[in-house]
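input.pdb follows (PDB, C-alpha atoms):
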```
ATOM      1  CA  MET A  54     -12.786 -22.271 -32.930
ATOM      2  CA  LEU A  55     -12.645 -20.321 -36.194
ATOM      3  CA  LEU A  56     -16.341 -20.994 -36.766
ATOM      4  CA  PHE A  57     -17.132 -19.709 -33.267
ATOM      5  CA  VAL A  58     -14.980 -16.591 -33.724
ATOM      6  CA  SER A  59     -16.586 -15.817 -37.076
ATOM      7  CA  PHE A  60     -20.099 -16.206 -35.633
ATOM      8  CA  VAL A  61     -19.429 -14.001 -32.591
ATOM      9  CA  THR A  62     -17.663 -11.322 -34.654
ATOM     10  CA  PHE A  63     -20.453 -11.311 -37.235
ATOM     11  CA  GLY A  64     -23.024 -10.765 -34.483
ATOM     12  CA  LEU A  65     -21.096  -8.176 -32.466
ATOM     13  CA  VAL A  66     -20.378  -5.830 -35.371
ATOM     14  CA  ARG A  67     -24.082  -5.733 -36.150
ATOM     15  CA  LEU A  68     -24.947  -4.909 -32.553
ATOM     16  CA  ALA A  69     -22.767  -1.790 -32.703
ATOM     17  CA  PRO A  70     -24.710   1.431 -33.332
ATOM     18  CA  GLY A  71     -24.510   2.902 -36.811
ATOM     19  CA  ASP A  72     -25.761   1.981 -40.269
ATOM     20  CA  PRO A  73     -23.089   1.120 -42.884
ATOM     21  CA  VAL A  74     -25.275   2.441 -45.719
ATOM     22  CA  THR A  75     -25.766   5.798 -43.990
ATOM     23  CA  ILE A  76     -22.020   6.074 -43.302
ATOM     24  CA  VAL A  77     -21.106   5.191 -46.907
ATOM     25  CA  LEU A  78     -23.540   7.828 -48.189
ATOM     26  CA  GLY A  79     -21.975  10.395 -45.847
ATOM     27  CA  GLY A  80     -25.324  11.373 -44.365
ATOM     28  CA  ARG A  81     -26.754  12.400 -47.731
ATOM     29  CA  ARG A  82     -30.429  11.838 -48.318
ATOM     30  CA  VAL A  83     -31.194   9.410 -51.121
ATOM     31  CA  ASP A  84     -34.354   7.757 -52.308
ATOM     32  CA  PRO A  85     -35.304   4.456 -50.622
ATOM     33  CA  ALA A  86     -34.646   2.489 -53.820
ATOM     34  CA  THR A  87     -30.982   3.553 -53.847
ATOM     35  CA  ALA A  88     -30.563   2.684 -50.151
ATOM     36  CA  ASP A  89     -32.200  -0.710 -50.702
ATOM     37  CA  ALA A  90     -29.913  -1.362 -53.669
ATOM     38  CA  LEU A  91     -26.866  -0.651 -51.487
ATOM     39  CA  ARG A  92     -28.161  -2.957 -48.764
ATOM     40  CA  GLN A  93     -28.652  -5.680 -51.352
ATOM     41  CA  GLN A  94     -25.125  -5.095 -52.668
ATOM     42  CA  PHE A  95     -23.646  -5.217 -49.145
ATOM     43  CA  GLY A  96     -25.564  -8.382 -48.223
ATOM     44  CA  LEU A  97     -27.541  -6.649 -45.472
ATOM     45  CA  VAL A  98     -30.924  -7.927 -46.580
ATOM     46  CA  GLY A  99     -32.721 -10.499 -44.434
ATOM     47  CA  ASP A 100     -32.279 -11.615 -40.849
ATOM     48  CA  PRO A 101     -28.738 -11.728 -39.351
ATOM     49  CA  LEU A 102     -28.603 -15.537 -39.310
ATOM     50  CA  SER A 103     -29.365 -15.736 -43.023
ATOM     51  CA  GLN A 104     -26.744 -13.071 -43.682
ATOM     52  CA  TYR A 105     -24.188 -15.070 -41.681
ATOM     53  CA  VAL A 106     -24.924 -18.308 -43.530
ATOM     54  CA  ALA A 107     -24.574 -16.530 -46.872
ATOM     55  CA  TRP A 108     -21.300 -14.870 -45.793
ATOM     56  CA  LEU A 109     -19.920 -18.149 -44.428
ATOM     57  CA  GLY A 110     -20.705 -19.936 -47.674
ATOM     58  CA  ARG A 111     -18.753 -17.341 -49.642
ATOM     59  CA  ALA A 112     -15.913 -17.299 -47.085
ATOM     60  CA  LEU A 113     -15.441 -21.074 -47.379
ATOM     61  CA  GLN A 114     -14.863 -20.501 -51.088
ATOM     62  CA  GLY A 115     -12.247 -17.816 -50.397
ATOM     63  CA  ASP A 116     -14.540 -14.823 -50.965
ATOM     64  CA  LEU A 117     -14.477 -12.595 -47.868
ATOM     65  CA  GLY A 118     -16.326  -9.775 -49.601
ATOM     66  CA  ASP A 119     -15.481  -6.210 -50.595
ATOM     67  CA  SER A 120     -14.954  -3.195 -48.384
ATOM     68  CA  TYR A 121     -18.083  -1.031 -48.164
ATOM     69  CA  ARG A 122     -16.098   2.201 -48.043
ATOM     70  CA  LEU A 123     -13.057   1.482 -50.239
ATOM     71  CA  ARG A 124     -14.864  -0.802 -52.728
ATOM     72  CA  GLN A 125     -11.858  -3.154 -52.863
ATOM     73  CA  ASP A 126     -11.500  -6.850 -52.215
ATOM     74  CA  VAL A 127     -10.916  -7.461 -48.496
ATOM     75  CA  VAL A 128      -8.171 -10.028 -49.122
ATOM     76  CA  ASP A 129      -6.239  -7.519 -51.238
ATOM     77  CA  LEU A 130      -6.677  -4.800 -48.620
ATOM     78  CA  ILE A 131      -5.402  -7.002 -45.804
ATOM     79  CA  GLY A 132      -2.564  -8.325 -47.974
ATOM     80  CA  GLY A 133      -1.391  -4.781 -48.611
ATOM     81  CA  ARG A 134      -1.426  -3.796 -44.929
ATOM     82  CA  LEU A 135      -0.292  -7.044 -43.311
ATOM     83  CA  PRO A 136       3.485  -6.879 -44.077
ATOM     84  CA  LEU A 137       3.972  -3.703 -42.023
ATOM     85  CA  THR A 138       2.114  -5.191 -39.051
ATOM     86  CA  LEU A 139       4.150  -8.394 -39.258
ATOM     87  CA  GLU A 140       7.368  -6.359 -39.320
ATOM     88  CA  LEU A 141       6.218  -4.404 -36.261
ATOM     89  CA  VAL A 142       5.221  -7.535 -34.332
ATOM     90  CA  GLY A 143       8.349  -9.408 -35.441
ATOM     91  CA  LEU A 144      10.606  -6.595 -34.233
ATOM     92  CA  ALA A 145       8.708  -6.464 -30.929
ATOM     93  CA  ILE A 146       9.166 -10.243 -30.490
ATOM     94  CA  LEU A 147      12.886  -9.917 -31.231
ATOM     95  CA  ILE A 148      13.252  -7.116 -28.681
ATOM     96  CA  THR A 149      11.346  -9.185 -26.123
ATOM     97  CA  ILE A 150      13.556 -12.243 -26.570
ATOM     98  CA  VAL A 151      16.816 -10.286 -26.600
ATOM     99  CA  VAL A 152      15.938  -8.270 -23.491
ATOM    100  CA  ALA A 153      13.559 -10.358 -21.370
ATOM    101  CA  ILE A 154      15.243 -13.780 -21.282
ATOM    102  CA  PRO A 155      18.785 -12.540 -20.447
ATOM    103  CA  LEU A 156      17.289 -10.140 -17.887
ATOM    104  CA  GLY A 157      15.337 -12.948 -16.222
ATOM    105  CA  VAL A 158      18.422 -15.198 -16.132
ATOM    106  CA  ILE A 159      20.558 -12.446 -14.585
ATOM    107  CA  GLN A 160      17.854 -11.652 -12.032
ATOM    108  CA  ALA A 161      17.634 -15.297 -10.996
ATOM    109  CA  HIS A 162      21.421 -15.663 -10.838
ATOM    110  CA  ARG A 163      21.757 -12.474  -8.757
ATOM    111  CA  ARG A 164      18.640 -12.847  -6.698
ATOM    112  CA  ASP A 165      17.817  -9.988  -4.278
ATOM    113  CA  SER A 166      20.560  -7.809  -5.755
ATOM    114  CA  GLY A 167      20.257  -4.314  -7.182
ATOM    115  CA  ILE A 168      19.758  -5.582 -10.734
ATOM    116  CA  ASP A 169      17.033  -7.927  -9.500
ATOM    117  CA  TYR A 170      15.150  -5.056  -7.870
ATOM    118  CA  ALA A 171      15.638  -2.868 -10.956
ATOM    119  CA  GLY A 172      14.269  -5.650 -13.190
ATOM    120  CA  SER A 173      11.281  -6.089 -10.882
ATOM    121  CA  LEU A 174      10.592  -2.337 -11.071
ATOM    122  CA  LEU A 175      10.780  -2.463 -14.878
ATOM    123  CA  ALA A 176       8.363  -5.403 -14.878
ATOM    124  CA  LEU A 177       5.929  -3.514 -12.641
ATOM    125  CA  ILE A 178       5.995  -0.488 -14.943
ATOM    126  CA  GLY A 179       5.623  -2.624 -18.060
ATOM    127  CA  LEU A 180       2.692  -4.630 -16.727
ATOM    128  CA  SER A 181       0.919  -1.497 -15.482
ATOM    129  CA  SER A 182       1.216   0.577 -18.675
ATOM    130  CA  PRO A 183      -1.274   0.209 -21.539
ATOM    131  CA  VAL A 184       0.440   0.099 -24.927
ATOM    132  CA  TYR A 185      -1.139   3.343 -26.161
ATOM    133  CA  PHE A 186       0.059   5.167 -23.016
ATOM    134  CA  THR A 187       3.552   3.726 -23.460
ATOM    135  CA  ALA A 188       3.544   4.837 -27.096
ATOM    136  CA  ILE A 189       2.521   8.395 -26.167
ATOM    137  CA  VAL A 190       5.207   8.623 -23.463
ATOM    138  CA  GLY A 191       7.763   7.200 -25.909
ATOM    139  CA  VAL A 192       6.893   9.882 -28.471
ATOM    140  CA  LEU A 193       7.137  12.594 -25.823
ATOM    141  CA  VAL A 194      10.543  11.452 -24.520
ATOM    142  CA  PHE A 195      12.395  10.026 -27.528
ATOM    143  CA  ALA A 196      10.824  12.052 -30.359
ATOM    144  CA  VAL A 197       9.900  15.428 -28.834
ATOM    145  CA  TRP A 198      12.388  15.946 -25.991
ATOM    146  CA  LEU A 199      15.430  14.015 -27.216
ATOM    147  CA  GLY A 200      14.739  13.970 -30.946
ATOM    148  CA  TRP A 201      16.299  10.525 -31.375
ATOM    149  CA  LEU A 202      13.421   8.768 -33.134
ATOM    150  CA  PRO A 203      10.606   9.808 -35.500
ATOM    151  CA  ALA A 204       7.210  10.265 -33.909
ATOM    152  CA  PHE A 205       4.799   9.164 -36.627
ATOM    153  CA  GLY A 206       4.633   7.340 -39.938
ATOM    154  CA  ALA A 207       6.185   4.161 -41.293
ATOM    155  CA  GLY A 208       8.981   5.558 -43.472
ATOM    156  CA  ARG A 209      10.088   4.528 -46.950
ATOM    157  CA  GLY A 210      12.679   1.936 -47.796
ATOM    158  CA  PHE A 211      14.017  -0.825 -45.572
ATOM    159  CA  LEU A 212      16.368   1.184 -43.329
ATOM    160  CA  ASP A 213      14.030   4.159 -43.014
ATOM    161  CA  GLN A 214      11.116   1.864 -42.173
ATOM    162  CA  PHE A 215      13.202   0.002 -39.599
ATOM    163  CA  TYR A 216      14.163   3.365 -38.052
ATOM    164  CA  HIS A 217      10.499   4.393 -37.854
ATOM    165  CA  LEU A 218       9.462   1.053 -36.306
ATOM    166  CA  ILE A 219      11.929   1.149 -33.396
ATOM    167  CA  LEU A 220       9.764   3.359 -31.176
ATOM    168  CA  PRO A 221       6.414   1.588 -31.792
ATOM    169  CA  ALA A 222       8.071  -1.838 -31.458
ATOM    170  CA  CYS A 223       9.637  -0.890 -28.115
ATOM    171  CA  ALA A 224       6.316   0.501 -26.883
ATOM    172  CA  LEU A 225       4.562  -2.676 -27.982
ATOM    173  CA  ALA A 226       7.227  -4.943 -26.436
ATOM    174  CA  LEU A 227       7.415  -3.327 -22.986
ATOM    175  CA  GLY A 228       4.542  -5.330 -21.510
ATOM    176  CA  THR A 229       5.767  -8.624 -22.977
ATOM    177  CA  ILE A 230       9.301  -7.918 -21.738
ATOM    178  CA  ALA A 231       7.927  -7.457 -18.236
ATOM    179  CA  LEU A 232       5.913 -10.682 -18.199
ATOM    180  CA  THR A 233       8.522 -12.817 -19.981
ATOM    181  CA  SER A 234      11.355 -11.629 -17.733
ATOM    182  CA  ARG A 235       9.325 -12.381 -14.610
ATOM    183  CA  MET A 236       8.434 -15.848 -15.884
ATOM    184  CA  THR A 237      12.071 -16.509 -16.836
ATOM    185  CA  ARG A 238      13.235 -15.377 -13.400
ATOM    186  CA  SER A 239      10.757 -17.626 -11.571
ATOM    187  CA  ALA A 240      11.508 -20.654 -13.754
ATOM    188  CA  MET A 241      15.264 -20.143 -13.433
ATOM    189  CA  ILE A 242      15.102 -19.811  -9.647
ATOM    190  CA  GLU A 243      13.207 -23.103  -9.501
ATOM    191  CA  GLN A 244      15.839 -24.805 -11.661
ATOM    192  CA  LEU A 245      18.835 -23.279  -9.854
ATOM    193  CA  THR A 246      17.642 -24.726  -6.545
ATOM    194  CA  SER A 247      17.306 -28.242  -8.009
ATOM    195  CA  ASP A 248      19.545 -31.135  -7.054
ATOM    196  CA  TYR A 249      20.972 -31.628 -10.548
ATOM    197  CA  ILE A 250      22.314 -28.058 -10.521
ATOM    198  CA  GLU A 251      24.060 -28.701  -7.226
ATOM    199  CA  ALA A 252      25.526 -31.882  -8.724
ATOM    200  CA  ALA A 253      26.746 -29.948 -11.772
ATOM    201  CA  ARG A 254      28.435 -27.386  -9.554
ATOM    202  CA  ALA A 255      30.010 -30.158  -7.489
ATOM    203  CA  LYS A 256      31.510 -31.572 -10.696
ATOM    204  CA  GLY A 257      33.166 -28.215 -11.334
ATOM    205  CA  LEU A 258      31.199 -27.185 -14.435
ATOM    206  CA  PRO A 259      31.536 -23.499 -15.395
ATOM    207  CA  GLU A 260      28.728 -21.310 -14.062
ATOM    208  CA  ARG A 261      27.883 -20.046 -17.548
ATOM    209  CA  SER A 262      27.464 -23.617 -18.784
ATOM    210  CA  ILE A 263      25.239 -24.433 -15.809
ATOM    211  CA  LEU A 264      23.045 -21.388 -16.435
ATOM    212  CA  VAL A 265      22.687 -21.706 -20.217
ATOM    213  CA  LYS A 266      22.990 -25.406 -21.085
ATOM    214  CA  HIS A 267      21.232 -26.880 -18.081
ATOM    215  CA  ALA A 268      19.046 -24.462 -16.076
ATOM    216  CA  LEU A 269      17.832 -22.261 -18.935
ATOM    217  CA  ARG A 270      16.922 -25.152 -21.230
ATOM    218  CA  ASN A 271      14.786 -26.791 -18.547
ATOM    219  CA  ALA A 272      13.222 -23.428 -17.681
ATOM    220  CA  LEU A 273      12.229 -22.641 -21.260
ATOM    221  CA  ILE A 274       8.936 -24.580 -21.417
ATOM    222  CA  PRO A 275       6.895 -22.170 -19.246
ATOM    223  CA  VAL A 276       8.751 -19.247 -20.855
ATOM    224  CA  VAL A 277       7.879 -20.435 -24.379
ATOM    225  CA  THR A 278       4.253 -20.905 -23.330
ATOM    226  CA  VAL A 279       3.964 -17.371 -21.977
ATOM    227  CA  THR A 280       5.862 -15.859 -24.907
ATOM    228  CA  SER A 281       3.625 -17.562 -27.482
ATOM    229  CA  LEU A 282       0.529 -16.230 -25.747
ATOM    230  CA  GLN A 283       2.125 -12.786 -25.674
ATOM    231  CA  VAL A 284       2.551 -12.912 -29.453
ATOM    232  CA  GLY A 285      -1.240 -12.951 -29.653
ATOM    233  CA  PHE A 286      -1.262  -9.938 -27.345
ATOM    234  CA  LEU A 287       1.253  -8.207 -29.634
ATOM    235  CA  LEU A 288      -0.970  -8.795 -32.663
ATOM    236  CA  VAL A 289      -3.921  -7.202 -30.890
ATOM    237  CA  GLY A 290      -1.787  -4.481 -29.271
ATOM    238  CA  SER A 291      -0.416  -3.493 -32.671
ATOM    239  CA  VAL A 292      -3.893  -2.168 -33.500
ATOM    240  CA  LEU A 293      -3.598   0.426 -30.716
ATOM    241  CA  VAL A 294       0.041   1.267 -31.434
ATOM    242  CA  GLU A 295      -0.564   1.766 -35.149
ATOM    243  CA  ALA A 296      -3.566   3.978 -34.464
ATOM    244  CA  THR A 297      -1.598   6.033 -31.910
ATOM    245  CA  LEU A 298       1.548   6.506 -34.029
ATOM    246  CA  GLY A 299      -0.074   6.807 -37.435
ATOM    247  CA  LEU A 300       1.257   3.620 -39.017
ATOM    248  CA  GLY A 301      -0.502   2.274 -42.065
ATOM    249  CA  GLY A 302      -0.634  -1.391 -41.138
ATOM    250  CA  LEU A 303      -3.412  -3.829 -40.392
ATOM    251  CA  GLY A 304      -4.196  -2.083 -37.105
ATOM    252  CA  SER A 305      -5.003   1.170 -38.870
ATOM    253  CA  LEU A 306      -7.173  -0.712 -41.349
ATOM    254  CA  ILE A 307      -9.153  -2.356 -38.515
ATOM    255  CA  THR A 308      -9.545   0.957 -36.671
ATOM    256  CA  ASP A 309     -10.876   2.711 -39.776
ATOM    257  CA  ALA A 310     -13.181  -0.211 -40.511
ATOM    258  CA  ILE A 311     -14.676  -0.089 -37.001
ATOM    259  CA  GLN A 312     -15.248   3.653 -37.225
ATOM    260  CA  ASN A 313     -16.945   3.310 -40.617
ATOM    261  CA  ARG A 314     -18.859   0.072 -39.815
ATOM    262  CA  ASP A 315     -17.063  -1.697 -42.659
ATOM    263  CA  TYR A 316     -18.274  -5.184 -41.689
ATOM    264  CA  PRO A 317     -16.343  -7.305 -44.249
ATOM    265  CA  VAL A 318     -12.993  -5.766 -43.259
ATOM    266  CA  ILE A 319     -13.653  -6.230 -39.532
ATOM    267  CA  GLN A 320     -14.797  -9.830 -39.942
ATOM    268  CA  ALA A 321     -11.868 -10.842 -42.163
ATOM    269  CA  SER A 322      -9.275  -9.097 -39.960
ATOM    270  CA  VAL A 323     -10.528 -10.678 -36.742
ATOM    271  CA  LEU A 324     -10.641 -14.068 -38.442
ATOM    272  CA  LEU A 325      -7.028 -13.601 -39.549
ATOM    273  CA  LEU A 326      -5.957 -12.764 -35.988
ATOM    274  CA  ALA A 327      -7.761 -15.869 -34.737
ATOM    275  CA  VAL A 328      -5.963 -18.038 -37.309
ATOM    276  CA  ALA A 329      -2.616 -16.577 -36.241
ATOM    277  CA  PHE A 330      -3.356 -17.198 -32.558
ATOM    278  CA  ILE A 331      -4.410 -20.822 -33.163
ATOM    279  CA  LEU A 332      -1.312 -21.527 -35.276
ATOM    280  CA  LEU A 333       0.919 -19.989 -32.597
ATOM    281  CA  ASN A 334      -0.544 -22.303 -29.985
ATOM    282  CA  LEU A 335       0.040 -25.285 -32.274
ATOM    283  CA  LEU A 336       3.640 -24.191 -32.882
ATOM    284  CA  THR A 337       4.158 -23.852 -29.125
ATOM    285  CA  ASP A 338       2.982 -27.427 -28.547
ATOM    286  CA  LEU A 339       5.409 -28.676 -31.195
ATOM    287  CA  LEU A 340       8.283 -26.690 -29.691
ATOM    288  CA  TYR A 341       7.861 -28.516 -26.380
ATOM    289  CA  ALA A 342       9.250 -31.687 -27.965
ATOM    290  CA  VAL A 343      12.238 -29.766 -29.311
ATOM    291  CA  ILE A 344      13.068 -28.141 -25.980
ATOM    292  CA  ASP A 345      12.499 -31.167 -23.756
ATOM    293  CA  PRO A 346      13.540 -34.559 -25.233
ATOM    294  CA  ARG A 347      11.348 -36.311 -22.673
ATOM    295  CA  ILE A 348       8.266 -35.044 -24.489
ATOM    296  CA  ARG A 349       7.222 -37.034 -27.538
ATOM    297  CA  TYR A 350       4.192 -36.767 -29.786
ATOM    298  CA  GLU A 351       2.752 -39.676 -31.737
TER     299      GLU A 351
END
```
Write the structure described by the file as structure tokens, please.
Amino acid sequence: MLLFVSFVTFGLVRLAPGDPVTIVLGGRRVDPATADALRQQFGLVGDPLSQYVAWLGRALQGDLGDSYRLRQDVVDLIGGRLPLTLELVGLAILITIVVAIPLGVIQAHRRDSGIDYAGSLLALIGLSSPVYFTAIVGVLVFAVWLGWLPAFGAGRGFLDQFYHLILPACALALGTIALTSRMTRSAMIEQLTSDYIEAARAKGLPERSILVKHALRNALIPVVTVTSLQVGFLLVGSVLVEATLGLGGLGSLITDAIQNRDYPVIQASVLLLAVAFILLNLLTDLLYAVIDPRIRYE
């Protein structure tokens, strides 16, 4: 899968209009020898397949190249930007879990009530709103009108950075909250209508124990599956949120690299996202055995 992703990414960035050498030179006219020397330095000499084979050989040795524009090692650039993106995505995941799963359980327990309809309306809004639109509306309401949260930037220091990440994390999490709450509601309704739940109620077990220890645990497998896939969405969505709100994370680095045709940065960043997505799917498979004792892996 990683080999396929690297090959497709390598080809697509070269199909995009724009010459990296021209962009690096800022449109200045130089003699052909200087331009050829830059192409040789950037590894842009020869047919695309030969370039890919040469890049892949270096990548397998841990050398992902240097940024055309910044003239820095790509691994160092990504390493410097990645922590902020991970903090943003981690906070969005935390918000999703804290809000979506309890909301879905309450909706299922109070089916067709006012809170169920309100949760369904929230899910409709969340699923219909692109993350950049949600971020802009969040800035308008909570930063401009109410003045509760900062509009742009990442802040300095732990508490200040956390304060600055609240708005982008909420904007990023809205769509995942909507989908996860709907999945939790559907899975819980299916469990609450099962025979073993009726038997538990007949035995006189407390309703909270029935909801949390029995119904929710059996409903978690589809919820975990959807949530893990949404983490991949959060990683990609962070690119748009960071660009919209002026954060200096990995998303901003990818956006700048695309605009400046900085091929090594784009290729390494996409490959990193693919690695994260594959590992998340593996972790999800392993979590199945933890959630449901009936599942065993050899």
Per residue of segment 201-308 of chain A within 9 Å of segment 148-166 of chain A, record the nearest atom pair and its distance in Å to one decimal, counting only C-alpha atoms, with rows in chain order and ascending residue number, as CSV.
```
residue,atom,partner,partner_atom,distance
A:Ala222,CA,A:Ile148,CA,7.9
A:Cys223,CA,A:Ile148,CA,7.2
A:Ala226,CA,A:Thr149,CA,5.9
A:Leu227,CA,A:Thr149,CA,7.7
A:Thr229,CA,A:Thr149,CA,6.4
A:Ile230,CA,A:Ala153,CA,4.9
A:Ala231,CA,A:Ala153,CA,7.1
A:Leu232,CA,A:Ala153,CA,8.3
A:Thr233,CA,A:Ala153,CA,5.8
A:Ser234,CA,A:Ala153,CA,4.4
A:Arg235,CA,A:Gly157,CA,6.3
A:Met236,CA,A:Gly157,CA,7.5
A:Thr237,CA,A:Gly157,CA,4.9
A:Arg238,CA,A:Gly157,CA,4.3
A:Ser239,CA,A:Ala161,CA,7.3
A:Ala240,CA,A:Ala161,CA,8.6
A:Met241,CA,A:Ala161,CA,5.9
A:Ile242,CA,A:Ala161,CA,5.3
A:Leu245,CA,A:His162,CA,8.1
A:Leu264,CA,A:Val158,CA,7.7
A:Val265,CA,A:Val158,CA,8.8
A:Leu269,CA,A:Val158,CA,7.6
A:Val276,CA,A:Ile154,CA,8.5
A:Thr280,CA,A:Ile150,CA,8.7
```
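Taken over the shown file, the PyMOL selection byres ((chain A and resi 77) around 12) identifies Gly71, Asp72, Pro73, Val74, Thr75, Ile76, Leu78, Gly79, Gly80, Arg81, Arg82, Val83, Ala88, Leu91, Arg92, Phe95, Ser120, Tyr121, Arg122, Leu123, Arg124, Ala310, Gln312, Asn313, Arg314, Asp315 and Tyr316 of chain A.
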Residues in the PyMOL selection byres ((chain A and resi 326) around 12), expressed as an MDAnalysis selection string: chainID A and resid 55 58:59 62 131 135 138:139 284:292 303:304 307 319:325 327:333
Result set, the PyMOL selection byres ((chain A and resi 301) around 10) on current file, as a list in words: Gly133, Arg134, Leu135, Leu137, Thr138, Gly206, Ala207, Glu295, Ala296, Leu298, Gly299, Leu300, Gly302, Leu303, Gly304, Ser305 and Leu306 of chain A
Non-local contacts of Pro183 of chain A (10 Å; only C-alpha atoms; under 2 positions in same chain excluded) as an MDAnalysis selection string: chainID A and resid 178:181 185:188 224:225 227:228 290 293
Take the residues from that selection and put them in a file with C-alpha atoms, as a short mmCIF file (atom, residue, chain, number, x, y, z; two decimals), in the coordinates of the input.
```cif
data_model
loop_
_atom_site.label_atom_id
_atom_site.label_comp_id
_atom_site.auth_asym_id
_atom_site.auth_seq_id
_atom_site.Cartn_x
_atom_site.Cartn_y
_atom_site.Cartn_z
CA ILE A 178 6.00 -0.49 -14.94
CA GLY A 179 5.62 -2.62 -18.06
CA LEU A 180 2.69 -4.63 -16.73
CA SER A 181 0.92 -1.50 -15.48
CA TYR A 185 -1.14 3.34 -26.16
CA PHE A 186 0.06 5.17 -23.02
CA THR A 187 3.55 3.73 -23.46
CA ALA A 188 3.54 4.84 -27.10
CA ALA A 224 6.32 0.50 -26.88
CA LEU A 225 4.56 -2.68 -27.98
CA LEU A 227 7.42 -3.33 -22.99
CA GLY A 228 4.54 -5.33 -21.51
CA GLY A 290 -1.79 -4.48 -29.27
CA LEU A 293 -3.60 0.43 -30.72
#
```
Nearest candidate to Leu340 of chain A (options A:Ile274, A:Val194, A:Ile168, A:Ala252; using all atoms listed in the file): A:Ile274
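Interatomic distance, atom CA of Leu335 of chain A to atom CA of Val277 of chain A: 12.1 Å.
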